[in-house]
>>> print(open('run08.cif').read())   # mmCIF, C-alpha atoms
data_upload
loop_
_atom_site.label_atom_id
_atom_site.label_comp_id
_atom_site.auth_asym_id
_atom_site.auth_seq_id
_atom_site.Cartn_x
_atom_site.Cartn_y
_atom_site.Cartn_z
CA MET F 1 -93.90 -232.43 11.72
CA GLU F 2 -94.88 -234.92 9.05
CA GLY F 3 -92.32 -237.53 7.97
CA LEU F 4 -92.17 -237.43 4.18
CA ALA F 5 -92.21 -234.66 1.59
CA PRO F 6 -95.38 -234.94 -0.53
CA PRO F 7 -93.55 -235.52 -3.87
CA LEU F 8 -91.49 -238.30 -2.28
CA LEU F 9 -94.59 -239.88 -0.75
CA CYS F 10 -96.32 -239.69 -4.14
CA LEU F 11 -93.35 -241.29 -5.89
CA LEU F 12 -93.17 -244.14 -3.36
CA GLU F 13 -96.92 -244.83 -3.51
CA VAL F 14 -97.03 -244.74 -7.31
CA ARG F 15 -93.97 -246.97 -7.60
CA LEU F 16 -95.46 -249.48 -5.18
CA SER F 17 -98.71 -249.50 -7.17
CA LEU F 18 -96.82 -250.01 -10.45
CA GLU F 19 -94.90 -252.90 -8.95
CA ASN F 20 -98.19 -254.39 -7.77
CA GLY F 21 -99.41 -254.45 -11.36
CA ARG F 22 -101.47 -251.27 -11.52
CA SER F 23 -101.26 -248.73 -14.35
CA VAL F 24 -99.86 -245.23 -13.90
CA ASN F 25 -103.34 -243.79 -14.33
CA GLN F 26 -104.81 -246.01 -11.59
CA ALA F 27 -101.92 -245.28 -9.25
CA LEU F 28 -102.22 -241.53 -9.76
CA ALA F 29 -105.99 -241.60 -9.41
CA GLU F 30 -105.71 -243.45 -6.09
CA PHE F 31 -103.02 -241.15 -4.72
CA SER F 32 -104.58 -237.87 -5.84
CA SER F 33 -107.97 -238.82 -4.38
CA GLU F 34 -106.40 -239.07 -0.91
CA ALA F 35 -103.64 -236.46 -1.14
CA ARG F 36 -104.04 -233.29 0.88
CA GLY F 37 -102.26 -229.96 0.85
CA GLU F 38 -100.66 -227.88 -1.84
CA PHE F 39 -98.99 -230.78 -3.68
CA GLY F 40 -102.23 -232.77 -3.75
CA ASP F 41 -104.05 -229.79 -5.27
CA SER F 42 -101.28 -229.32 -7.86
CA LEU F 43 -101.39 -232.98 -8.81
CA ARG F 44 -105.15 -232.92 -9.25
CA GLU F 45 -104.96 -229.73 -11.33
CA TRP F 46 -102.23 -231.22 -13.55
CA ARG F 47 -104.26 -234.44 -14.08
CA ILE F 48 -107.33 -232.44 -15.12
CA LEU F 49 -105.22 -230.43 -17.59
CA TYR F 50 -103.64 -233.57 -19.00
CA GLU F 51 -106.91 -235.46 -19.35
CA LYS F 52 -108.52 -232.53 -21.15
CA GLY F 53 -105.54 -232.31 -23.50
CA LEU F 54 -104.74 -228.79 -22.35
CA SER F 55 -101.26 -227.36 -21.85
CA SER F 56 -100.03 -229.43 -18.95
CA GLN F 57 -96.43 -228.67 -19.99
CA ASP F 58 -96.89 -225.00 -19.06
CA PHE F 59 -98.22 -226.10 -15.71
CA ILE F 60 -95.20 -228.34 -15.15
CA VAL F 61 -92.76 -225.60 -16.10
CA ARG F 62 -94.43 -223.22 -13.59
CA GLN F 63 -93.62 -225.63 -10.69
CA LYS F 64 -90.93 -224.06 -8.48
CA SER F 65 -89.24 -227.28 -7.47
CA PRO F 66 -87.14 -229.07 -10.12
CA TYR F 67 -88.01 -232.37 -8.43
CA ARG F 68 -91.73 -231.77 -8.87
CA ARG F 69 -91.15 -230.84 -12.51
CA ALA F 70 -89.17 -234.05 -13.05
CA LEU F 71 -91.83 -236.13 -11.26
CA LEU F 72 -94.75 -234.72 -13.24
CA GLY F 73 -92.74 -235.14 -16.45
CA LEU F 74 -92.20 -238.80 -15.61
CA PHE F 75 -95.88 -239.30 -14.86
CA GLU F 76 -96.76 -237.77 -18.22
CA ARG F 77 -94.48 -240.23 -19.96
CA GLY F 78 -96.05 -243.04 -17.95
CA LEU F 79 -99.54 -241.95 -18.97
CA ARG F 80 -98.42 -242.02 -22.61
CA GLY F 81 -97.46 -245.67 -22.15
CA GLU F 82 -93.69 -245.37 -21.71
CA PRO F 83 -91.94 -247.42 -19.01
CA ILE F 84 -91.02 -245.19 -16.08
CA LEU F 85 -90.02 -247.54 -13.28
CA THR F 86 -86.27 -247.01 -13.76
CA GLY F 87 -86.82 -243.27 -13.93
CA LEU F 88 -88.82 -243.39 -10.71
CA ASN F 89 -86.06 -245.34 -8.95
CA ASP F 90 -83.44 -242.81 -10.04
CA LEU F 91 -85.60 -239.85 -9.07
CA GLU F 92 -86.28 -241.44 -5.70
CA LYS F 93 -82.59 -241.34 -4.81
CA GLU F 94 -82.38 -237.67 -5.77
CA LEU F 95 -85.53 -236.81 -3.83
CA VAL F 96 -84.40 -238.66 -0.71
CA GLU F 97 -81.08 -236.81 -0.80
CA ALA F 98 -82.79 -233.44 -1.31
CA CYS F 99 -85.24 -234.10 1.56
CA ARG F 100 -82.40 -235.16 3.83
CA ASN F 101 -80.51 -231.94 3.05
CA GLN F 102 -83.56 -229.82 3.78
CA VAL F 103 -84.20 -231.54 7.10
CA GLU F 104 -80.52 -231.12 8.10
CA LEU F 105 -80.67 -227.42 7.23
CA HIS F 106 -83.88 -227.01 9.21
CA LEU F 107 -82.30 -228.79 12.20
CA ARG F 108 -79.28 -226.49 12.09
CA ARG F 109 -81.41 -223.33 11.86
CA LEU F 110 -83.94 -224.23 14.53
CA PRO F 111 -81.83 -223.59 17.68
CA ILE F 112 -80.98 -220.12 16.38
CA LEU F 113 -84.60 -219.37 15.47
CA GLY F 114 -85.67 -220.69 18.87
CA LEU F 115 -83.54 -218.02 20.57
CA ILE F 116 -85.74 -215.24 19.19
CA PRO F 117 -88.90 -215.94 21.26
CA LEU F 118 -86.69 -216.99 24.15
CA MET F 119 -84.76 -213.71 24.32
CA LEU F 120 -87.54 -211.35 23.29
CA LEU F 121 -90.47 -212.82 25.21
CA GLN F 122 -89.65 -215.54 27.72
CA ALA F 123 -86.51 -214.00 29.25
CA PRO F 124 -88.33 -210.69 29.94
CA ALA F 125 -91.17 -212.72 31.48
CA PHE F 126 -88.69 -214.35 33.86
CA LEU F 127 -87.00 -211.03 34.69
CA LEU F 128 -90.35 -209.44 35.34
CA LEU F 129 -91.22 -212.14 37.84
CA LEU F 130 -87.79 -212.03 39.47
CA PHE F 131 -87.37 -208.27 39.86
CA GLY F 132 -90.88 -206.91 39.40
CA PRO F 133 -92.17 -207.36 42.98
CA ILE F 134 -88.88 -206.17 44.51
CA LEU F 135 -88.77 -203.05 42.30
CA GLY F 136 -92.44 -202.38 42.99
CA ASP F 137 -91.82 -202.65 46.72
CA LEU F 138 -88.78 -200.35 46.49
CA LEU F 139 -90.60 -197.72 44.46
CA GLY F 140 -93.51 -197.85 46.88
CA ARG F 141 -91.18 -197.20 49.83
CA LEU F 142 -89.38 -194.37 48.02
CA ALA F 143 -92.69 -192.73 47.15
CA GLY F 144 -93.92 -193.20 50.72
CA MET T 1 -122.30 -242.00 56.43
CA ILE T 2 -120.23 -245.15 56.83
CA VAL T 3 -122.70 -247.10 54.70
CA ILE T 4 -122.66 -244.44 51.96
CA GLY T 5 -118.88 -244.36 52.07
CA LEU T 6 -118.67 -248.15 51.77
CA LEU T 7 -121.23 -248.25 48.97
CA SER T 8 -119.38 -245.59 47.02
CA SER T 9 -116.14 -247.52 47.51
CA VAL T 10 -117.78 -250.71 46.24
CA PHE T 11 -119.13 -248.91 43.14
CA GLY T 12 -115.78 -247.27 42.55
CA LEU T 13 -114.06 -250.65 42.83
CA MET T 14 -116.52 -252.21 40.37
CA PHE T 15 -115.92 -249.36 37.91
CA MET T 16 -112.15 -249.82 38.29
CA ILE T 17 -112.34 -253.60 37.83
CA ARG T 18 -114.48 -253.15 34.70
CA THR T 19 -112.01 -250.67 33.19
CA ILE T 20 -109.03 -252.90 34.02
CA ARG T 21 -110.79 -255.96 32.53
CA GLU T 22 -111.48 -254.06 29.28
CA TRP T 23 -107.84 -253.02 29.04
CA GLN T 24 -106.77 -256.60 29.75
CA ASP T 25 -109.01 -257.97 26.98
CA GLN T 26 -107.58 -255.51 24.48
CA ALA T 27 -104.04 -256.11 25.79
CA LEU T 28 -103.49 -252.36 25.98
CA ILE T 29 -100.97 -252.64 28.81
CA SER T 30 -99.24 -255.54 30.51
CA LYS T 31 -100.81 -257.66 33.28
CA GLY T 32 -98.13 -256.57 35.76
CA VAL T 33 -98.97 -252.90 35.32
CA LEU T 34 -102.70 -253.61 35.61
CA THR T 35 -102.13 -255.52 38.89
CA LYS T 36 -100.13 -252.60 40.24
CA ILE T 37 -102.87 -250.13 39.27
CA GLY T 38 -105.44 -252.28 41.03
CA THR T 39 -103.32 -252.62 44.17
CA VAL T 40 -102.61 -248.89 44.37
CA TYR T 41 -106.31 -248.10 43.93
CA PHE T 42 -107.29 -250.54 46.66
CA ALA T 43 -104.71 -249.01 48.99
CA MET T 44 -106.05 -245.53 48.16
CA LEU T 45 -109.60 -246.63 48.97
CA ILE T 46 -108.56 -247.96 52.37
CA ALA T 47 -106.46 -244.86 53.04
CA SER T 48 -109.33 -242.52 52.11
CA HIS T 49 -111.57 -244.31 54.64
CA LEU T 50 -109.01 -244.33 57.43
CA VAL T 51 -107.44 -240.89 56.96
CA PHE T 52 -110.39 -238.69 55.96
CA ASP T 53 -113.61 -238.17 57.85
CA SER T 54 -115.32 -236.28 55.08
CA LEU T 55 -117.58 -238.09 52.60
CA VAL T 56 -116.29 -235.82 49.86
CA TRP T 57 -112.78 -237.21 50.08
CA ILE T 58 -114.13 -240.76 50.12
CA PHE T 59 -116.07 -240.02 46.90
CA VAL T 60 -112.97 -238.44 45.37
CA GLY T 61 -110.82 -241.42 46.33
CA ALA T 62 -113.43 -243.90 45.04
CA PHE T 63 -114.42 -242.33 41.72
CA ILE T 64 -111.69 -239.99 40.48
CA PRO T 65 -109.03 -242.69 39.84
CA PRO T 66 -111.28 -244.98 37.74
CA PHE T 67 -112.68 -241.96 35.89
CA GLY T 68 -109.17 -240.70 35.19
CA LEU T 69 -108.18 -244.17 34.00
CA SER T 70 -111.09 -244.37 31.58
CA GLN T 71 -110.10 -240.98 30.14
CA ALA T 72 -106.50 -242.14 29.84
CA GLU T 73 -107.72 -244.88 27.49
CA LEU T 74 -107.54 -242.46 24.54
CA PHE T 75 -103.91 -241.76 25.29
CA ILE T 76 -103.18 -245.47 25.70
CA HIS T 77 -104.86 -246.27 22.36
CA SER T 78 -102.82 -243.56 20.66
CA ARG T 79 -99.63 -245.01 22.15
CA CYS T 80 -100.59 -248.51 20.99
CA ARG T 81 -101.30 -247.22 17.46
CA LYS T 82 -97.82 -245.66 17.36
CA LYS T 83 -96.32 -248.98 18.50
CA LEU T 84 -98.32 -250.68 15.75
CA CYS T 85 -96.84 -248.37 13.10
CA HIS T 86 -93.30 -249.05 14.33
CA GLY T 87 -93.91 -252.77 14.61
CA PHE T 88 -94.48 -253.46 10.92
CA PHE T 89 -90.87 -252.97 9.87
CA PRO T 90 -89.47 -255.82 12.02
CA LEU T 91 -92.46 -257.93 10.99
CA ILE T 92 -91.67 -257.49 7.30
CA GLN T 93 -88.00 -258.26 7.99
CA GLU T 94 -88.95 -261.49 9.71
CA ILE T 95 -91.33 -262.56 6.93
CA ILE T 96 -88.73 -261.83 4.22
CA LEU T 97 -86.07 -263.83 6.07
CA LEU T 98 -88.40 -266.79 6.55
CA MET T 99 -89.55 -266.72 2.92
CA LYS T 100 -85.98 -266.61 1.68
CA MET T 101 -85.38 -269.78 3.67
CA GLY T 102 -88.18 -271.48 1.76
CA THR T 103 -91.25 -270.88 3.92
CA GLY T 104 -94.51 -269.85 2.24
CA PHE T 105 -96.03 -266.42 2.86
CA ARG T 106 -98.81 -267.57 5.20
CA SER T 107 -96.53 -269.79 7.31
CA ALA T 108 -93.91 -267.03 7.48
CA PHE T 109 -96.58 -264.54 8.55
CA HIS T 110 -97.90 -266.90 11.20
CA ARG T 111 -94.41 -267.56 12.60
CA ALA T 112 -93.55 -263.84 12.55
CA ILE T 113 -96.67 -263.11 14.60
CA GLY T 114 -95.54 -265.66 17.17
CA GLN T 115 -92.17 -263.92 17.45
CA SER T 116 -93.77 -260.63 18.44
CA GLU T 117 -93.40 -259.81 22.14
CA ASP T 118 -96.12 -257.21 22.41
CA PRO T 119 -99.53 -258.78 23.17
CA TYR T 120 -101.49 -255.89 21.64
CA PHE T 121 -99.51 -256.15 18.41
CA ARG T 122 -99.99 -259.95 18.37
CA ILE T 123 -103.77 -259.58 18.68
CA LYS T 124 -103.93 -257.03 15.87
CA LEU T 125 -101.66 -259.10 13.63
CA SER T 126 -103.79 -262.20 14.22
CA GLU T 127 -106.89 -260.23 13.16
CA LEU T 128 -104.93 -258.98 10.14
CA MET T 129 -103.91 -262.51 9.23
CA GLN T 130 -107.51 -263.67 9.39
CA SER T 131 -108.49 -260.86 7.02
CA VAL T 132 -105.75 -261.92 4.63
CA VAL T 133 -106.46 -265.64 4.78
CA PHE T 134 -110.25 -265.33 4.53
CA SER T 135 -110.28 -262.35 2.14
CA GLN T 136 -112.01 -264.28 -0.63
CA GLN T 137 -114.80 -265.52 1.56
CA ALA T 138 -117.71 -263.16 2.27
CA ILE T 139 -117.91 -263.32 6.03
CA GLY T 140 -120.12 -260.41 7.08
CA SER T 141 -120.52 -257.20 5.16
CA GLN T 142 -117.47 -255.38 6.54
CA GLN T 143 -114.69 -257.94 6.50
CA GLY T 144 -111.24 -256.79 7.40
CA PHE T 145 -110.00 -253.30 7.95
CA PRO T 146 -111.42 -250.81 5.44
CA SER T 147 -109.21 -247.88 6.35
CA GLY T 148 -106.23 -246.61 8.34
CA ILE T 149 -102.86 -248.22 8.86
CA LEU T 150 -104.29 -251.71 9.29
CA GLY T 151 -106.42 -251.26 6.16
CA PHE T 152 -103.31 -250.44 4.15
CA TRP T 153 -101.42 -253.48 5.44
CA CYS T 154 -104.44 -255.71 4.97
CA ARG T 155 -104.69 -254.74 1.27
CA GLU T 156 -100.92 -255.12 0.71
CA PHE T 157 -100.76 -258.53 2.38
CA GLN T 158 -103.86 -259.70 0.50
CA LYS T 159 -102.23 -258.80 -2.83
CA ILE T 160 -99.03 -260.59 -1.82
CA ASP T 161 -100.99 -263.66 -0.67
CA GLN T 162 -103.17 -263.82 -3.78
CA GLN T 163 -100.34 -263.39 -6.28
CA GLY T 164 -97.75 -265.79 -4.93
CA HIS T 165 -94.99 -265.01 -7.45
CA ARG T 166 -92.59 -262.14 -6.74
CA ALA T 167 -93.89 -262.01 -3.15
CA VAL T 168 -90.40 -261.51 -1.73
CA GLU T 169 -89.65 -258.65 -4.16
CA ARG T 170 -92.95 -256.98 -3.23
CA LEU T 171 -92.14 -257.33 0.47
CA GLU T 172 -88.67 -255.91 -0.12
CA ASN T 173 -90.19 -252.90 -1.88
CA LEU T 174 -92.57 -252.40 1.03
CA ARG T 175 -89.64 -252.62 3.42
CA ARG T 176 -87.70 -250.02 1.44
CA LYS T 177 -90.67 -247.64 1.55
CA LEU T 178 -90.98 -248.17 5.32
CA GLN T 179 -87.26 -247.62 5.77
CA ILE T 180 -87.39 -244.25 4.05
CA GLU T 181 -90.49 -243.20 6.01
CA ASN T 182 -88.94 -244.29 9.34
CA ASP T 183 -85.70 -242.49 8.55
CA PHE T 184 -87.45 -239.20 7.90
CA ARG T 185 -89.79 -239.57 10.86
CA ARG T 186 -86.78 -240.16 13.09
CA ARG T 187 -84.94 -237.11 11.80
CA SER T 188 -87.93 -234.79 11.93
CA GLY T 189 -88.78 -236.24 15.35
CA GLN T 190 -85.43 -234.96 16.64
CA VAL T 191 -86.55 -231.41 15.94
CA LEU T 192 -89.77 -231.78 17.88
CA ALA T 193 -88.06 -233.59 20.75
CA GLN T 194 -85.54 -230.73 21.19
CA LEU T 195 -88.24 -228.08 21.18
CA HIS T 196 -90.56 -229.99 23.50
CA LEU T 197 -87.82 -230.60 26.02
CA GLN T 198 -86.80 -226.95 26.01
CA SER T 199 -90.43 -225.90 26.34
CA ILE T 200 -91.13 -228.30 29.22
CA LEU T 201 -88.02 -227.25 31.17
CA LEU T 202 -88.71 -223.57 30.74
CA SER T 203 -92.38 -223.96 31.62
CA THR T 204 -91.55 -225.93 34.77
CA LEU T 205 -89.06 -223.27 35.90
CA TYR T 206 -91.54 -220.53 35.14
CA VAL T 207 -94.38 -222.18 37.06
CA MET T 208 -92.10 -222.72 40.07
CA LEU T 209 -90.98 -219.10 40.01
CA LEU T 210 -94.58 -217.93 39.61
CA MET T 211 -95.72 -219.97 42.63
CA PHE T 212 -92.83 -218.56 44.69
CA VAL T 213 -93.66 -214.97 43.73
CA ILE T 214 -97.35 -215.45 44.51
CA LEU T 215 -96.63 -217.04 47.89
CA GLN T 216 -93.94 -214.55 48.84
CA PHE T 217 -95.36 -211.26 47.55
CA GLY T 218 -99.06 -212.05 47.12
CA PHE T 219 -101.15 -212.26 43.97
CA LEU T 220 -103.52 -209.30 44.32
CA GLU T 221 -100.70 -206.84 45.07
CA ASN T 222 -98.83 -207.77 41.90
CA TRP T 223 -101.57 -209.00 39.57
CA ARG T 224 -100.72 -206.59 36.74
CA MET T 225 -97.07 -207.61 36.71
CA ILE T 226 -97.95 -211.32 36.95
CA LEU T 227 -100.45 -211.01 34.10
CA LEU T 228 -97.93 -209.21 31.89
CA SER T 229 -95.25 -211.79 32.66
CA PHE T 230 -97.61 -214.70 31.97
CA THR T 231 -98.73 -213.16 28.67
CA LEU T 232 -95.12 -212.65 27.56
CA PHE T 233 -94.15 -216.19 28.55
CA PHE T 234 -97.18 -217.79 26.94
CA SER T 235 -96.62 -215.81 23.69
CA GLY T 236 -92.99 -216.94 23.65
CA ALA T 237 -94.02 -220.56 24.17
CA LEU T 238 -96.59 -220.31 21.37
CA VAL T 239 -94.08 -218.80 18.94
CA SER T 240 -91.55 -221.54 19.82
CA TYR T 241 -94.18 -224.18 19.23
CA LEU T 242 -95.15 -222.71 15.85
CA LEU T 243 -91.50 -222.42 14.79
CA GLY T 244 -90.91 -226.11 15.32
CA GLY T 245 -94.12 -227.14 13.68
CA LYS T 246 -94.51 -228.61 10.20
CA ILE T 247 -91.55 -228.25 7.90
CA ARG T 248 -92.34 -226.33 4.69
CA TRP T 249 -91.03 -228.68 2.07
CA LYS T 250 -89.30 -226.86 -0.75
CA VAL T 251 -88.64 -230.14 -2.55
#
>>> encode(input="run08.cif", output="structure tokens")
Amino acid sequence: MEGLAPPLLCLLEVRLSLENGRSVNQALAEFSSEARGEFGDSLREWRILYEKGLSSQDFIVRQKSPYRRALLGLFERGLRGEPILTGLNDLEKELVEACRNQVELHLRRLPILGLIPLMLLQAPAFLLLLFGPILGDLLGRLAG
Amino acid sequence: MIVIGLLSSVFGLMFMIRTIREWQDQALISKGVLTKIGTVYFAMLIASHLVFDSLVWIFVGAFIPPFGLSQAELFIHSRCRKKLCHGFFPLIQEIILLMKMGTGFRSAFHRAIGQSEDPYFRIKLSELMQSVVFSQQAIGSQQGFPSGILGFWCREFQKIDQQGHRAVERLENLRRKLQIENDFRRRSGQVLAQLHLQSILLSTLYVMLLMFVILQFGFLENWRMILLSFTLFFSGALVSYLLGGKIRWKV
């Protein structure tokens, strides 16, 4: 399991780059060139739309997660030249909290989900080994 | 046969010494552990000569341990890389504290390296410091660490070293980023640890039961039942493993 959610990782990397004196465009270019997975693809698609002057707003609105919508909105403002560092800091707190909640929920669900393969597959495997040879022997004797 | 046995032992010993020396140079594991490995191997060599008459066992005793050790190097390197990742947070803490007491970045870095207890980490940090200090001088075509975790830290430390002002704030931002990453890795690591432990315990019990059934009732007489049981168990283990895999972030 990876450690950080992709939007949170993106926010942290971009914020670090901004604090090191880079522009939003440079920070996003560096991150999106290395990002993998669904979020990386979305980010690259959004950047292409924005750079071509196409309807990046529609793309942002289509994002399922409100945090991703807020993050892309912030990046758009940053690309237009507006200061976004305070916004990034505030969004970071929200994102961290949301990620923490999701991990806690996942942790609570996992023992219950883990019972499914245990009861349906592994327990029968154990029972088969325990009683299979004895039952086979018994049936053999009854038939004979 | 005695001569062949002795020769193979000598070659095996040379192979083992070479592997141990390489590990010692890279500081992959401590000297004490390396001495113990060497002693155990030597005892095994003597035992294989005294206990077994067959040349096969002497070959096995001479060559299998050093071969196994050389294969274990990948695992050891992976373990050292993990230690490296975890080691940067205390390093940053130390540097920040020293800089807040008035020390410059390079002196603070040098002193923080000296505080580190792990020899492997100290060697890597020393190489990192050289890359930072000599970053502006063209020494060779591939100076420093172009990629990976060390590459990232090399670039960050170079920026901090080159732009002296706001160095402490930059380090504090780096520390905050590390703190968040470590926090999530620790929490998500709990999930994997639970699943792995459950899986290992169940698998151990299953293997023991399987061995008992095979020894007690025979394999050929019950091969269909054993195959079905193994398939069910393996499928269950696979599903458990996939369940606890990567979290699908909805954020």
>>> closest_atom_pairs(input="run08.cif", of="chain T", to="chain F", cutoff="9 Å", atoms="all atoms listed in the file", output="CSV")
residue,atom,partner,partner_atom,distance
T:Glu156,CA,F:Asn20,CA,8.9
T:Lys159,CA,F:Asn20,CA,7.8
T:Ile160,CA,F:Asn20,CA,8.6
T:Arg170,CA,F:Glu19,CA,7.3
T:Asn173,CA,F:Leu16,CA,7.1
T:Leu174,CA,F:Leu16,CA,7.4
T:Lys177,CA,F:Leu12,CA,6.5
T:Ile180,CA,F:Val96,CA,7.9
T:Glu181,CA,F:Gly3,CA,6.3
T:Asn182,CA,F:Gly3,CA,7.7
T:Asp183,CA,F:Gly3,CA,8.3
T:Phe184,CA,F:Gly3,CA,5.1
T:Arg185,CA,F:Gly3,CA,4.3
T:Arg186,CA,F:Gly3,CA,8.0
T:Arg187,CA,F:Val103,CA,7.3
T:Ser188,CA,F:Met1,CA,6.4
T:Gly189,CA,F:Met1,CA,7.3
T:Gln190,CA,F:Leu107,CA,8.2
T:Val191,CA,F:Leu107,CA,6.2
T:Leu192,CA,F:Met1,CA,7.4
T:Gln194,CA,F:Pro111,CA,8.8
T:Leu195,CA,F:Gly114,CA,8.2
T:Leu202,CA,F:Gln122,CA,8.6
T:Tyr206,CA,F:Phe126,CA,6.9
T:Leu209,CA,F:Leu129,CA,7.3
T:Leu210,CA,F:Leu129,CA,6.9
T:Val213,CA,F:Leu129,CA,7.0
T:Phe217,CA,F:Pro133,CA,6.8
T:Glu221,CA,F:Pro133,CA,8.8
T:Asn222,CA,F:Pro133,CA,6.8
T:Met225,CA,F:Gly132,CA,6.8
T:Ile226,CA,F:Leu129,CA,6.8
T:Leu228,CA,F:Ala125,CA,7.6
T:Ser229,CA,F:Ala125,CA,4.3
T:Phe230,CA,F:Ala125,CA,6.8
T:Thr231,CA,F:Ala125,CA,8.1
T:Leu232,CA,F:Leu121,CA,5.2
T:Phe233,CA,F:Gln122,CA,4.6
T:Phe234,CA,F:Gln122,CA,7.9
T:Ser235,CA,F:Leu121,CA,7.0
T:Gly236,CA,F:Pro117,CA,4.8
T:Ala237,CA,F:Pro117,CA,7.5
T:Leu238,CA,F:Pro117,CA,8.8
T:Val239,CA,F:Pro117,CA,6.4
T:Ser240,CA,F:Gly114,CA,6.0
T:Leu243,CA,F:Gly114,CA,7.3
T:Gly244,CA,F:Leu110,CA,7.3
T:Gly245,CA,F:Met1,CA,5.6
T:Lys246,CA,F:Met1,CA,4.2
T:Ile247,CA,F:Met1,CA,6.1
T:Arg248,CA,F:Ala5,CA,8.9
T:Trp249,CA,F:Ala5,CA,6.1
T:Lys250,CA,F:Ser65,CA,6.7
T:Val251,CA,F:Ser65,CA,5.7
>>> resolve_selection(input="run08.cif", expression="the PyMOL selection byres ((chain T and resi 107) around 12)", output="list in words")
Glu94, Ile95, Ile96, Leu98, Met99, Met101, Gly102, Thr103, Gly104, Phe105, Arg106, Ala108, Phe109, His110, Arg111, Ala112, Ile113, Gly114, Met129, Val133 and Asp161 of chain T
>>> atom_distance(input="run08.cif", atom1="atom CA of F:Gly40", atom2="atom CA of F:Cys10")
9.1 Å
>>> resolve_selection(input="run08.cif", expression="the PyMOL selection byres ((chain T and resi 63) around 9)", output="VMD selection string")
chain T and resid 8 to 9 11 to 13 15 to 16 58 to 62 64 to 68
>>> resolve_selection(input="run08.cif", expression="the PyMOL selection byres ((chain T and resi 116-120) around 9)", output="list in words")
Gln26, Ala27, Leu28, Ile29, Ser30, Cys80, Leu84, Gly87, Leu91, Ala112, Ile113, Gly114, Gln115, Phe121, Arg122, Ile123, Lys124 and Leu125 of chain T
>>> atom_distance(input="run08.cif", atom1="atom CA of T:Leu55", atom2="atom CA of T:Val40")
20.2 Å
>>> residues_around(input="run08.cif", residues="stretch 41-45 of chain F", least_positions_apart="6", cutoff="10 Å", atoms="all atoms listed in the file", output="PDB file with C-alpha atoms, in the coordinates of the input")
ATOM      1  CA  PRO F   7     -93.550-235.520  -3.870  1.00  0.00           C
ATOM      2  CA  CYS F  10     -96.320-239.690  -4.140  1.00  0.00           C
ATOM      3  CA  LEU F  28    -102.220-241.530  -9.760  1.00  0.00           C
ATOM      4  CA  ALA F  29    -105.990-241.600  -9.410  1.00  0.00           C
ATOM      5  CA  PHE F  31    -103.020-241.150  -4.720  1.00  0.00           C
ATOM      6  CA  SER F  32    -104.580-237.870  -5.840  1.00  0.00           C
ATOM      7  CA  SER F  33    -107.970-238.820  -4.380  1.00  0.00           C
ATOM      8  CA  ALA F  35    -103.640-236.460  -1.140  1.00  0.00           C
ATOM      9  CA  SER F  56    -100.030-229.430 -18.950  1.00  0.00           C
ATOM     10  CA  PHE F  59     -98.220-226.100 -15.710  1.00  0.00           C
ATOM     11  CA  ILE F  60     -95.200-228.340 -15.150  1.00  0.00           C
ATOM     12  CA  GLN F  63     -93.620-225.630 -10.690  1.00  0.00           C
ATOM     13  CA  ARG F  68     -91.730-231.770  -8.870  1.00  0.00           C
ATOM     14  CA  LEU F  72     -94.750-234.720 -13.240  1.00  0.00           C
TER      15      LEU F  72
END
>>> atom_distance(input="run08.cif", atom1="atom CA of F:Arg69", atom2="atom CA of F:Leu18")
20.1 Å
